[in-house]
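Student: This is the content of upload.tsv (TSV, C-alpha atoms):
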```
chain	number	residue	atom	x	y	z
A	1	MET	CA	-38.90	-21.93	-5.85
A	2	ASN	CA	-39.14	-18.17	-5.42
A	3	ASN	CA	-36.47	-16.58	-7.62
A	4	LYS	CA	-37.56	-13.03	-6.92
A	5	LYS	CA	-34.74	-10.86	-5.60
A	6	ASN	CA	-35.03	-9.01	-2.32
A	7	ASN	CA	-35.81	-5.31	-2.02
A	8	HIS	CA	-32.47	-4.18	-0.60
A	9	LYS	CA	-31.14	-0.94	-1.99
A	10	ILE	CA	-27.35	-1.19	-2.18
A	11	ILE	CA	-25.19	1.90	-2.72
A	12	ILE	CA	-21.44	1.79	-3.24
A	13	SER	CA	-19.78	4.92	-1.88
A	14	LYS	CA	-18.20	7.46	-4.20
A	15	ASN	CA	-14.37	7.41	-4.09
A	16	ALA	CA	-14.35	3.95	-2.46
A	17	GLY	CA	-11.57	1.59	-3.45
A	18	TYR	CA	-8.11	1.92	-4.95
A	19	CYS	CA	-6.35	5.23	-4.47
A	20	MET	CA	-4.27	6.77	-7.25
A	21	GLY	CA	-1.03	5.15	-6.08
A	22	VAL	CA	-2.51	1.67	-5.94
A	23	LYS	CA	-4.29	2.05	-9.30
A	24	ARG	CA	-0.98	3.14	-10.82
A	25	ALA	CA	0.87	0.17	-9.33
A	26	PHE	CA	-1.68	-2.41	-10.48
A	27	ALA	CA	-2.11	-0.95	-13.96
A	28	GLY	CA	1.65	-0.79	-14.40
A	29	SER	CA	2.12	-4.34	-13.16
A	30	PHE	CA	-0.57	-5.64	-15.50
A	31	ALA	CA	1.09	-3.83	-18.43
A	32	ILE	CA	4.47	-5.37	-17.59
A	33	SER	CA	2.97	-8.86	-17.31
A	34	GLU	CA	1.60	-8.57	-20.86
A	35	LYS	CA	5.03	-8.06	-22.41
A	36	SER	CA	7.43	-9.70	-19.93
A	37	ASN	CA	7.73	-12.72	-17.71
A	38	ASN	CA	9.92	-13.75	-14.78
A	39	ILE	CA	8.37	-10.94	-12.73
A	40	CYS	CA	8.19	-10.61	-8.97
A	41	ILE	CA	7.00	-8.05	-6.45
A	42	TYR	CA	9.13	-7.41	-3.40
A	43	GLY	CA	6.54	-7.75	-0.63
A	44	GLU	CA	2.79	-7.26	-0.82
A	45	MET	CA	1.60	-4.73	-3.40
A	46	VAL	CA	-1.25	-3.86	-1.05
A	47	HIS	CA	-2.70	-5.39	2.09
A	48	ASN	CA	-5.45	-7.21	0.24
A	49	ARG	CA	-4.94	-10.89	-0.48
A	50	PHE	CA	-7.83	-10.93	-2.95
A	51	ALA	CA	-6.19	-8.28	-5.10
A	52	LEU	CA	-2.84	-10.08	-4.80
A	53	GLN	CA	-4.43	-13.24	-6.16
A	54	VAL	CA	-5.16	-11.40	-9.40
A	55	LEU	CA	-1.45	-10.57	-9.73
A	56	SER	CA	-0.53	-14.20	-9.08
A	57	GLU	CA	-2.91	-15.33	-11.82
A	58	ARG	CA	-0.98	-13.09	-14.21
A	59	GLY	CA	2.27	-14.83	-13.34
A	60	ILE	CA	3.61	-12.16	-11.01
A	61	GLU	CA	5.28	-13.79	-8.00
A	62	GLN	CA	5.50	-12.24	-4.55
A	63	LYS	CA	8.77	-12.48	-2.63
A	64	GLU	CA	9.04	-11.47	1.01
A	65	LYS	CA	12.83	-11.74	1.37
A	66	ILE	CA	15.26	-9.71	-0.70
A	67	GLU	CA	17.70	-12.64	-0.73
A	68	ASP	CA	15.11	-14.75	-2.54
A	69	ILE	CA	15.13	-12.16	-5.32
A	70	ILE	CA	18.78	-11.32	-5.80
A	71	ASN	CA	19.85	-14.99	-5.56
A	72	ASN	CA	17.24	-16.21	-8.05
A	73	SER	CA	18.58	-16.04	-11.60
A	74	ASN	CA	15.13	-16.78	-13.02
A	75	ILE	CA	13.76	-13.46	-11.78
A	76	LYS	CA	14.45	-10.74	-14.33
A	77	ASN	CA	11.96	-7.99	-13.38
A	78	VAL	CA	11.39	-6.70	-9.85
A	79	ILE	CA	8.46	-4.46	-8.91
A	80	ILE	CA	8.76	-2.15	-5.90
A	81	ARG	CA	5.35	-1.99	-4.26
A	82	ALA	CA	3.25	1.10	-3.61
A	83	HIS	CA	4.38	1.23	0.05
A	84	GLY	CA	7.98	1.79	-1.00
A	85	ILE	CA	11.13	0.29	0.51
A	86	PRO	CA	14.20	1.59	2.41
A	87	PRO	CA	16.96	3.08	0.20
A	88	GLU	CA	19.44	0.42	1.33
A	89	GLU	CA	17.19	-2.31	-0.06
A	90	GLU	CA	16.64	-0.40	-3.29
A	91	SER	CA	20.42	-0.17	-3.67
A	92	ILE	CA	20.79	-3.93	-3.14
A	93	LEU	CA	18.18	-4.64	-5.81
A	94	LYS	CA	19.85	-2.32	-8.32
A	95	LYS	CA	23.25	-3.93	-7.73
A	96	SER	CA	21.70	-7.31	-8.58
A	97	LYS	CA	21.44	-6.09	-12.20
A	98	LYS	CA	17.75	-6.96	-12.39
A	99	ASN	CA	15.24	-4.67	-14.08
A	100	ILE	CA	13.71	-2.59	-11.27
A	101	ILE	CA	10.27	-1.04	-11.76
A	102	ASP	CA	9.49	1.41	-8.97
A	103	PHE	CA	5.77	1.77	-8.26
A	104	THR	CA	6.23	3.50	-4.91
A	105	CYS	CA	3.19	5.76	-4.47
A	106	PRO	CA	4.23	9.33	-5.39
A	107	LYS	CA	2.76	10.58	-2.11
A	108	VAL	CA	4.82	8.05	-0.12
A	109	LYS	CA	7.93	9.03	-2.07
A	110	GLN	CA	7.35	12.66	-1.04
A	111	VAL	CA	7.21	11.59	2.62
A	112	GLN	CA	10.40	9.56	2.24
A	113	LEU	CA	12.27	12.53	0.78
A	114	LEU	CA	10.83	14.91	3.39
A	115	ALA	CA	11.99	12.59	6.17
A	116	GLN	CA	15.43	12.43	4.59
A	117	ARG	CA	15.70	16.23	4.34
A	118	LEU	CA	14.47	16.84	7.89
A	119	SER	CA	16.81	14.18	9.26
A	120	ASN	CA	19.79	15.54	7.34
A	121	GLU	CA	19.03	19.00	8.75
A	122	GLY	CA	19.50	17.61	12.26
A	123	ASN	CA	15.91	16.99	13.26
A	124	THR	CA	14.78	14.02	15.34
A	125	ILE	CA	11.88	12.40	13.51
A	126	ILE	CA	8.70	11.39	15.33
A	127	LEU	CA	6.65	9.29	12.93
A	128	PHE	CA	2.95	8.72	13.56
A	129	GLY	CA	2.39	5.24	12.17
A	130	LYS	CA	2.53	1.51	12.77
A	131	SER	CA	6.11	0.40	13.36
A	132	LYS	CA	5.84	-2.87	11.42
A	133	HIS	CA	3.96	-1.39	8.45
A	134	PRO	CA	6.06	-1.55	5.24
A	135	GLU	CA	5.47	2.14	4.49
A	136	VAL	CA	6.88	3.08	7.91
A	137	ILE	CA	9.86	0.75	7.48
A	138	GLY	CA	10.55	2.40	4.12
A	139	ILE	CA	10.32	5.94	5.51
A	140	LEU	CA	12.56	5.17	8.48
A	141	GLY	CA	15.20	3.98	6.06
A	142	TYR	CA	15.61	7.64	5.08
A	143	CYS	CA	16.04	8.82	8.69
A	144	LYS	CA	19.08	9.02	10.93
A	145	LYS	CA	18.78	7.57	14.41
A	146	PRO	CA	17.37	8.27	16.90
A	147	TYR	CA	13.81	8.35	15.62
A	148	TYR	CA	10.51	7.42	17.22
A	149	VAL	CA	7.34	5.72	15.97
A	150	ILE	CA	4.06	6.30	17.79
A	151	LYS	CA	0.64	4.98	16.89
A	152	ASN	CA	-1.57	6.91	19.33
A	153	LEU	CA	-1.70	9.76	21.83
A	154	ASN	CA	-0.76	7.53	24.77
A	155	GLU	CA	2.49	6.58	23.08
A	156	ALA	CA	3.18	10.26	22.39
A	157	LYS	CA	2.77	10.94	26.10
A	158	GLU	CA	5.31	8.21	26.89
A	159	LEU	CA	8.06	9.95	24.92
A	160	GLN	CA	10.80	11.55	26.98
A	161	LEU	CA	10.43	14.84	25.18
A	162	ASP	CA	13.01	16.67	27.33
A	163	LYS	CA	15.66	14.42	25.79
A	164	ILE	CA	14.59	14.96	22.17
A	165	LYS	CA	16.15	17.90	20.33
A	166	ASN	CA	15.03	19.64	17.12
A	167	THR	CA	11.87	17.60	16.77
A	168	ALA	CA	9.84	17.07	13.58
A	169	LEU	CA	6.53	15.21	13.36
A	170	ILE	CA	5.41	13.43	10.19
A	171	SER	CA	2.89	10.66	9.52
A	172	GLN	CA	2.35	7.43	7.69
A	173	THR	CA	0.02	8.43	4.86
A	174	THR	CA	-2.91	6.20	5.83
A	175	MET	CA	-3.26	6.91	9.54
A	176	ASN	CA	-6.29	8.32	11.39
A	177	SER	CA	-6.53	12.11	10.88
A	178	ILE	CA	-8.34	12.66	14.19
A	179	ILE	CA	-5.62	10.90	16.19
A	180	PHE	CA	-2.96	12.82	14.25
A	181	GLU	CA	-4.59	16.09	15.29
A	182	GLU	CA	-4.65	14.95	18.93
A	183	ILE	CA	-0.95	14.12	18.78
A	184	CYS	CA	-0.18	17.46	17.10
A	185	ASN	CA	-1.97	19.42	19.80
A	186	TYR	CA	-0.24	17.51	22.58
A	187	LEU	CA	3.26	17.83	21.13
A	188	LYS	CA	2.77	21.54	20.35
A	189	SER	CA	1.80	22.11	23.98
A	190	LYS	CA	5.04	20.45	25.10
A	191	ILE	CA	7.52	21.52	22.40
A	192	LYS	CA	7.06	25.10	21.18
A	193	THR	CA	9.63	24.68	18.40
A	194	ILE	CA	8.36	21.39	16.98
A	195	LYS	CA	8.05	21.21	13.19
A	196	ILE	CA	4.81	19.53	12.11
A	197	TYR	CA	4.13	18.22	8.61
A	198	ASN	CA	0.73	16.77	7.78
A	199	THR	CA	1.75	13.98	5.42
A	200	LEU	CA	-1.59	12.18	5.53
A	201	CYS	CA	-2.81	11.26	2.06
A	202	ASN	CA	-5.95	13.01	0.80
A	203	SER	CA	-7.26	9.85	-0.86
A	204	PRO	CA	-8.17	7.95	2.34
A	205	ILE	CA	-9.63	11.23	3.67
A	206	LYS	CA	-11.82	11.57	0.55
A	207	ILE	CA	-12.84	7.93	0.91
A	208	GLN	CA	-13.76	8.59	4.54
A	209	GLU	CA	-15.70	11.78	3.76
A	210	SER	CA	-17.74	10.04	1.05
A	211	ALA	CA	-18.35	7.07	3.36
A	212	PHE	CA	-19.53	9.36	6.18
A	213	LYS	CA	-21.91	11.12	3.81
A	214	LEU	CA	-23.32	7.79	2.65
A	215	ALA	CA	-23.54	6.46	6.23
A	216	ASN	CA	-25.86	9.34	7.10
A	217	ASN	CA	-28.22	8.36	4.30
A	218	VAL	CA	-28.47	4.56	4.70
A	219	ASP	CA	-29.57	2.12	7.39
A	220	ALA	CA	-26.33	0.12	7.68
A	221	MET	CA	-22.82	0.07	6.24
A	222	LEU	CA	-20.41	-2.59	5.03
A	223	VAL	CA	-16.70	-1.87	4.86
A	224	VAL	CA	-15.13	-4.22	2.31
A	225	GLY	CA	-11.47	-5.17	2.07
A	226	ASP	CA	-8.78	-7.21	3.77
A	227	LYS	CA	-8.60	-6.99	7.56
A	228	SER	CA	-4.81	-6.62	7.38
A	229	SER	CA	-5.23	-3.25	5.65
A	230	ALA	CA	-4.44	-0.31	7.94
A	231	ASN	CA	-6.44	2.26	6.00
A	232	THR	CA	-9.49	-0.01	5.62
A	233	THR	CA	-9.40	-0.79	9.34
A	234	THR	CA	-9.25	2.93	10.11
A	235	LEU	CA	-12.24	3.49	7.82
A	236	TYR	CA	-14.23	0.78	9.62
A	237	GLU	CA	-13.34	2.10	13.06
A	238	LYS	CA	-14.65	5.55	12.15
A	239	ILE	CA	-17.89	4.45	10.49
A	240	LYS	CA	-18.95	1.95	13.15
A	241	ASP	CA	-19.33	4.87	15.56
A	242	ILE	CA	-21.95	6.40	13.25
A	243	ILE	CA	-24.14	3.51	12.14
A	244	PRO	CA	-24.40	-0.32	12.36
A	245	THR	CA	-21.33	-1.43	10.40
A	246	TRP	CA	-19.56	-4.68	9.51
A	247	PHE	CA	-16.08	-5.29	8.14
A	248	ILE	CA	-16.48	-7.76	5.26
A	249	GLU	CA	-13.90	-9.67	3.26
A	250	THR	CA	-16.14	-12.10	1.34
A	251	GLY	CA	-19.82	-12.96	1.07
A	252	LYS	CA	-19.33	-15.59	3.76
A	253	ASP	CA	-18.69	-12.81	6.29
A	254	LEU	CA	-22.07	-11.16	5.74
A	255	PRO	CA	-24.38	-11.10	8.78
A	256	ILE	CA	-27.31	-12.17	6.61
A	257	GLU	CA	-29.99	-12.25	9.30
A	258	GLU	CA	-28.94	-8.85	10.58
A	259	LEU	CA	-28.92	-7.34	7.08
A	260	LYS	CA	-32.50	-8.45	6.50
A	261	LYS	CA	-33.52	-5.76	8.98
A	262	TYR	CA	-32.19	-2.99	6.73
A	263	HIS	CA	-33.44	-1.67	3.41
A	264	LYS	CA	-30.73	0.80	2.40
A	265	ILE	CA	-27.21	-0.58	2.78
A	266	GLY	CA	-24.06	1.34	1.96
A	267	ILE	CA	-20.79	-0.23	0.84
A	268	THR	CA	-17.36	1.31	1.00
A	269	GLY	CA	-13.77	0.09	0.88
A	270	GLY	CA	-10.30	1.32	1.71
A	271	SER	CA	-7.66	2.44	-0.78
A	272	SER	CA	-6.44	-1.17	-1.08
A	273	THR	CA	-9.90	-2.54	-1.93
A	274	PRO	CA	-10.55	-3.36	-5.62
A	275	GLN	CA	-13.84	-2.23	-7.11
A	276	TRP	CA	-14.74	-5.78	-8.12
A	277	GLN	CA	-14.56	-6.93	-4.46
A	278	MET	CA	-17.23	-4.40	-3.50
A	279	GLU	CA	-19.34	-5.27	-6.53
A	280	LYS	CA	-19.25	-8.95	-5.54
A	281	ILE	CA	-20.55	-8.12	-2.08
A	282	LYS	CA	-23.32	-6.02	-3.61
A	283	GLU	CA	-24.37	-8.89	-5.88
A	284	TYR	CA	-24.28	-11.32	-2.97
A	285	ILE	CA	-26.61	-9.17	-0.87
A	286	LEU	CA	-29.05	-8.74	-3.75
A	287	GLU	CA	-29.32	-12.53	-3.97
A	288	ILE	CA	-30.33	-12.90	-0.31
A	289	LYS	CA	-33.89	-14.25	-0.03
```
Could the structure of this file be written out as structure tokens, please?

Tutor:
Amino acid sequence: MNNKKNNHKIIISKNAGYCMGVKRAFAGSFAISEKSNNICIYGEMVHNRFALQVLSERGIEQKEKIEDIINNSNIKNVIIRAHGIPPEEESILKKSKKNIIDFTCPKVKQVQLLAQRLSNEGNTIILFGKSKHPEVIGILGYCKKPYYVIKNLNEAKELQLDKIKNTALISQTTMNSIIFEEICNYLKSKIKTIKIYNTLCNSPIKIQESAFKLANNVDAMLVVGDKSSANTTTLYEKIKDIIPTWFIETGKDLPIEELKKYHKIGITGGSSTPQWQMEKIKEYILEIK
């Protein structure tokens, strides 16, 4: 049997993987699990089931419904995920007398408080984001109605802008910067007095910039993560327009025959992708005969 490894050159992109907020949330959760038990997270810490499995292995449960937390006397410690939650839900958790550990990403918390201030000042919030994303749900909890959520330029064009007064535009932190710019330009052309706040996080942008740089110096790219992740999906959508690219969750997803055509292969991942997930993909490729 030929045990000689192939001649692929695999490069993992600089800045790929967990952003500051996610690193903080995971490190804090691990620290809590070492000294406490009866811990749960309200909702998914990140949109990456592989990373969530690591939390489960440390005895940290995940609960999707707030009732399953406040009505469970066995749960003593409740972690608020990096995406944040609406203030009403935070109030319910605090009234339950459980120990609340808030790992809302500091950047997301800034957006929540900005939305609250703008709303309290009488502005109608237009939020560029995905309506069912937990970060968006959390932010909207700080806004007075009416508010609007749009995920692309077409939806911006569908807004009845003549009926919206004192408008302010903000964004979910992990959305596509190019689409945000398109929406900004359109809304500015229609509403001269609109207030625009670029609340996109720099971390996904840095991940994207490093990935673009790598994509221009390799033969193919692999974007690693969980396909439910908004920021990882955005990263994939941008890179696939530059170079042959595949969105990979595990080694089983690798297009092995296709990859044999390429010598230099780049790997990147979104801000919810753990470093070890990318390393596993790298090892898997290097074992291809």

Student: Name the closest residue to Phe128 (chain A) among the candidates A:Cys143, A:Ser177, A:Pro87, A:Ala220; distances are taken between atoms, counting only C-alpha atoms.

Tutor: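 Answer, going by the shortest atom-to-atom distance: A:Ser177.
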
Student: Neighbours of Asn48 (chain A) within 12 Å (only C-alpha atoms; same-chain residues fewer than 2 positions away dropped), as a ChimeraX atom specification?

Tutor: /A:17-18,22,44-46,50-55,224-233,249-250,269-274,277

Student: Which of these, A:Asn176, A:Gln62, A:Asn71, A:Ser210, has the shortest distance to Asn15 (chain A) once you count all atoms listed in the file?

Tutor: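 Closest to Asn15 (chain A) of all the choices is A:Ser210.
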
Student: Go through A:Ile170, A:Ala82, A:Val223, A:Leu113 one by one, measure the shortest atom-to-atom distance of each to Gly28 (chain A) using all atoms listed in the file, and give the residue with the smallest value.

Tutor: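 Under the stated criterion, the closest residue is A:Ala82.
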
Student: Please return as a ChimeraX atom specification every residue within 12 Å of (-23.6, -15.5, -3.7), taking into account all atoms listed in the file and the file's own coordinates.

Tutor: /A:250-254,256,279-289

Student: Just need the box for region 113-117 of chain A, edges along x, y and z, holding every atom the file lists for it with 4 Å tacked onto each side, so centre and edge lengths in Å to one decimal, as AutoDock Vina command-line options.

Tutor:
```
--center_x 13.3 --center_y 14.3 --center_z 3.5 --size_x 12.9 --size_y 11.8 --size_z 13.4
```

Student: Tell me which protein, DNA and RNA residues are within 12 Å of Asn120 (chain A), counting all atoms listed in the file, leaving out same-chain ones fewer than 4 positions away, and put them as a list in words.

Tutor: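 Returned residues: Leu113, Leu114, Ala115, Gln116, Thr124, Ile125, Tyr142, Cys143, Lys144, Lys145, Asn166 and Ala168 of chain A.
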
Student: Within 6 Å of region 183-204 of chain A, which residues of region 117-175 of chain A show up? Give each one with its shortest atom-to-atom distance in Å (one decimal) and the two atoms involved, counting only C-alpha atoms, rows by chain then rising residue number, as a tab-separated table.

Tutor:
```
residue	atom	partner	partner_atom	distance
A:Leu153	CA	A:Ile183	CA	5.4
A:Thr167	CA	A:Ile194	CA	5.2
A:Ala168	CA	A:Lys195	CA	4.5
A:Leu169	CA	A:Ile196	CA	4.8
A:Ile170	CA	A:Tyr197	CA	5.2
A:Ser171	CA	A:Thr199	CA	5.4
A:Thr173	CA	A:Leu200	CA	4.1
```

Student: Give me region 129-160 of chain A with N, CA and C atoms filled in, as a PDB file, in the frame of the given file.

Tutor:
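Generated file (rebuild27.pdb):
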```
ATOM      1  N   GLY A 129       2.636   6.366  13.061  1.00  0.00           N
ATOM      2  CA  GLY A 129       2.390   5.240  12.170  1.00  0.00           C
ATOM      3  C   GLY A 129       2.487   3.926  12.935  1.00  0.00           C
ATOM      4  N   LYS A 130       2.428   2.854  12.194  1.00  0.00           N
ATOM      5  CA  LYS A 130       2.530   1.510  12.770  1.00  0.00           C
ATOM      6  C   LYS A 130       3.917   0.972  12.457  1.00  0.00           C
ATOM      7  N   SER A 131       4.681   0.670  13.499  1.00  0.00           N
ATOM      8  CA  SER A 131       6.110   0.400  13.360  1.00  0.00           C
ATOM      9  C   SER A 131       6.447  -0.744  12.402  1.00  0.00           C
ATOM     10  N   LYS A 132       5.544  -1.719  12.282  1.00  0.00           N
ATOM     11  CA  LYS A 132       5.840  -2.870  11.420  1.00  0.00           C
ATOM     12  C   LYS A 132       5.229  -2.723  10.023  1.00  0.00           C
ATOM     13  N   HIS A 133       4.565  -1.599   9.764  1.00  0.00           N
ATOM     14  CA  HIS A 133       3.960  -1.390   8.450  1.00  0.00           C
ATOM     15  C   HIS A 133       5.059  -1.122   7.430  1.00  0.00           C
ATOM     16  N   PRO A 134       4.989  -1.723   6.229  1.00  0.00           N
ATOM     17  CA  PRO A 134       6.060  -1.550   5.240  1.00  0.00           C
ATOM     18  C   PRO A 134       6.312  -0.096   4.832  1.00  0.00           C
ATOM     19  N   GLU A 135       5.265   0.731   4.821  1.00  0.00           N
ATOM     20  CA  GLU A 135       5.470   2.140   4.490  1.00  0.00           C
ATOM     21  C   GLU A 135       6.352   2.809   5.544  1.00  0.00           C
ATOM     22  N   VAL A 136       6.099   2.512   6.811  1.00  0.00           N
ATOM     23  CA  VAL A 136       6.880   3.080   7.910  1.00  0.00           C
ATOM     24  C   VAL A 136       8.322   2.594   7.848  1.00  0.00           C
ATOM     25  N   ILE A 137       8.508   1.315   7.597  1.00  0.00           N
ATOM     26  CA  ILE A 137       9.860   0.750   7.480  1.00  0.00           C
ATOM     27  C   ILE A 137      10.625   1.457   6.361  1.00  0.00           C
ATOM     28  N   GLY A 138       9.923   1.702   5.247  1.00  0.00           N
ATOM     29  CA  GLY A 138      10.550   2.400   4.120  1.00  0.00           C
ATOM     30  C   GLY A 138      10.945   3.815   4.484  1.00  0.00           C
ATOM     31  N   ILE A 139      10.053   4.548   5.129  1.00  0.00           N
ATOM     32  CA  ILE A 139      10.320   5.940   5.510  1.00  0.00           C
ATOM     33  C   ILE A 139      11.483   6.027   6.490  1.00  0.00           C
ATOM     34  N   LEU A 140      11.493   5.137   7.475  1.00  0.00           N
ATOM     35  CA  LEU A 140      12.560   5.170   8.480  1.00  0.00           C
ATOM     36  C   LEU A 140      13.933   4.902   7.873  1.00  0.00           C
ATOM     37  N   GLY A 141      13.934   4.219   6.740  1.00  0.00           N
ATOM     38  CA  GLY A 141      15.200   3.980   6.060  1.00  0.00           C
ATOM     39  C   GLY A 141      15.866   5.265   5.582  1.00  0.00           C
ATOM     40  N   TYR A 142      15.090   6.343   5.503  1.00  0.00           N
ATOM     41  CA  TYR A 142      15.610   7.640   5.080  1.00  0.00           C
ATOM     42  C   TYR A 142      15.980   8.533   6.260  1.00  0.00           C
ATOM     43  N   CYS A 143      15.811   8.024   7.474  1.00  0.00           N
ATOM     44  CA  CYS A 143      16.040   8.820   8.690  1.00  0.00           C
ATOM     45  C   CYS A 143      17.295   8.369   9.425  1.00  0.00           C
ATOM     46  N   LYS A 144      17.962   9.342  10.036  1.00  0.00           N
ATOM     47  CA  LYS A 144      19.080   9.020  10.930  1.00  0.00           C
ATOM     48  C   LYS A 144      18.524   8.741  12.327  1.00  0.00           C
ATOM     49  N   LYS A 145      19.179   7.859  13.036  1.00  0.00           N
ATOM     50  CA  LYS A 145      18.780   7.570  14.410  1.00  0.00           C
ATOM     51  C   LYS A 145      19.294   8.679  15.325  1.00  0.00           C
ATOM     52  N   PRO A 146      18.591   8.959  16.447  1.00  0.00           N
ATOM     53  CA  PRO A 146      17.370   8.270  16.900  1.00  0.00           C
ATOM     54  C   PRO A 146      16.125   8.813  16.217  1.00  0.00           C
ATOM     55  N   TYR A 147      15.128   7.947  16.080  1.00  0.00           N
ATOM     56  CA  TYR A 147      13.810   8.350  15.620  1.00  0.00           C
ATOM     57  C   TYR A 147      12.791   7.572  16.444  1.00  0.00           C
ATOM     58  N   TYR A 148      11.547   8.020  16.390  1.00  0.00           N
ATOM     59  CA  TYR A 148      10.510   7.420  17.220  1.00  0.00           C
ATOM     60  C   TYR A 148       9.253   7.186  16.394  1.00  0.00           C
ATOM     61  N   VAL A 149       8.605   6.046  16.627  1.00  0.00           N
ATOM     62  CA  VAL A 149       7.340   5.720  15.970  1.00  0.00           C
ATOM     63  C   VAL A 149       6.262   5.613  17.038  1.00  0.00           C
ATOM     64  N   ILE A 150       5.187   6.354  16.845  1.00  0.00           N
ATOM     65  CA  ILE A 150       4.060   6.300  17.790  1.00  0.00           C
ATOM     66  C   ILE A 150       2.779   6.055  17.017  1.00  0.00           C
ATOM     67  N   LYS A 151       1.880   5.286  17.594  1.00  0.00           N
ATOM     68  CA  LYS A 151       0.640   4.980  16.890  1.00  0.00           C
ATOM     69  C   LYS A 151      -0.601   5.593  17.530  1.00  0.00           C
ATOM     70  N   ASN A 152      -0.422   6.266  18.679  1.00  0.00           N
ATOM     71  CA  ASN A 152      -1.570   6.910  19.330  1.00  0.00           C
ATOM     72  C   ASN A 152      -1.082   7.972  20.314  1.00  0.00           C
ATOM     73  N   LEU A 153      -2.035   8.678  20.908  1.00  0.00           N
ATOM     74  CA  LEU A 153      -1.700   9.760  21.830  1.00  0.00           C
ATOM     75  C   LEU A 153      -0.995   9.241  23.077  1.00  0.00           C
ATOM     76  N   ASN A 154      -1.400   8.092  23.583  1.00  0.00           N
ATOM     77  CA  ASN A 154      -0.760   7.530  24.770  1.00  0.00           C
ATOM     78  C   ASN A 154       0.733   7.302  24.562  1.00  0.00           C
ATOM     79  N   GLU A 155       1.078   6.818  23.371  1.00  0.00           N
ATOM     80  CA  GLU A 155       2.490   6.580  23.080  1.00  0.00           C
ATOM     81  C   GLU A 155       3.244   7.899  22.935  1.00  0.00           C
ATOM     82  N   ALA A 156       2.559   8.931  22.457  1.00  0.00           N
ATOM     83  CA  ALA A 156       3.180  10.260  22.390  1.00  0.00           C
ATOM     84  C   ALA A 156       3.496  10.761  23.795  1.00  0.00           C
ATOM     85  N   LYS A 157       2.590  10.491  24.720  1.00  0.00           N
ATOM     86  CA  LYS A 157       2.770  10.940  26.100  1.00  0.00           C
ATOM     87  C   LYS A 157       3.880  10.180  26.816  1.00  0.00           C
ATOM     88  N   GLU A 158       4.243   9.010  26.289  1.00  0.00           N
ATOM     89  CA  GLU A 158       5.310   8.210  26.890  1.00  0.00           C
ATOM     90  C   GLU A 158       6.694   8.649  26.442  1.00  0.00           C
ATOM     91  N   LEU A 159       6.768   9.487  25.417  1.00  0.00           N
ATOM     92  CA  LEU A 159       8.060   9.950  24.920  1.00  0.00           C
ATOM     93  C   LEU A 159       8.742  10.847  25.958  1.00  0.00           C
ATOM     94  N   GLN A 160      10.027  10.688  26.091  1.00  0.00           N
ATOM     95  CA  GLN A 160      10.800  11.550  26.980  1.00  0.00           C
ATOM     96  C   GLN A 160      11.214  12.796  26.195  1.00  0.00           C
TER      97      GLN A 160
END
```
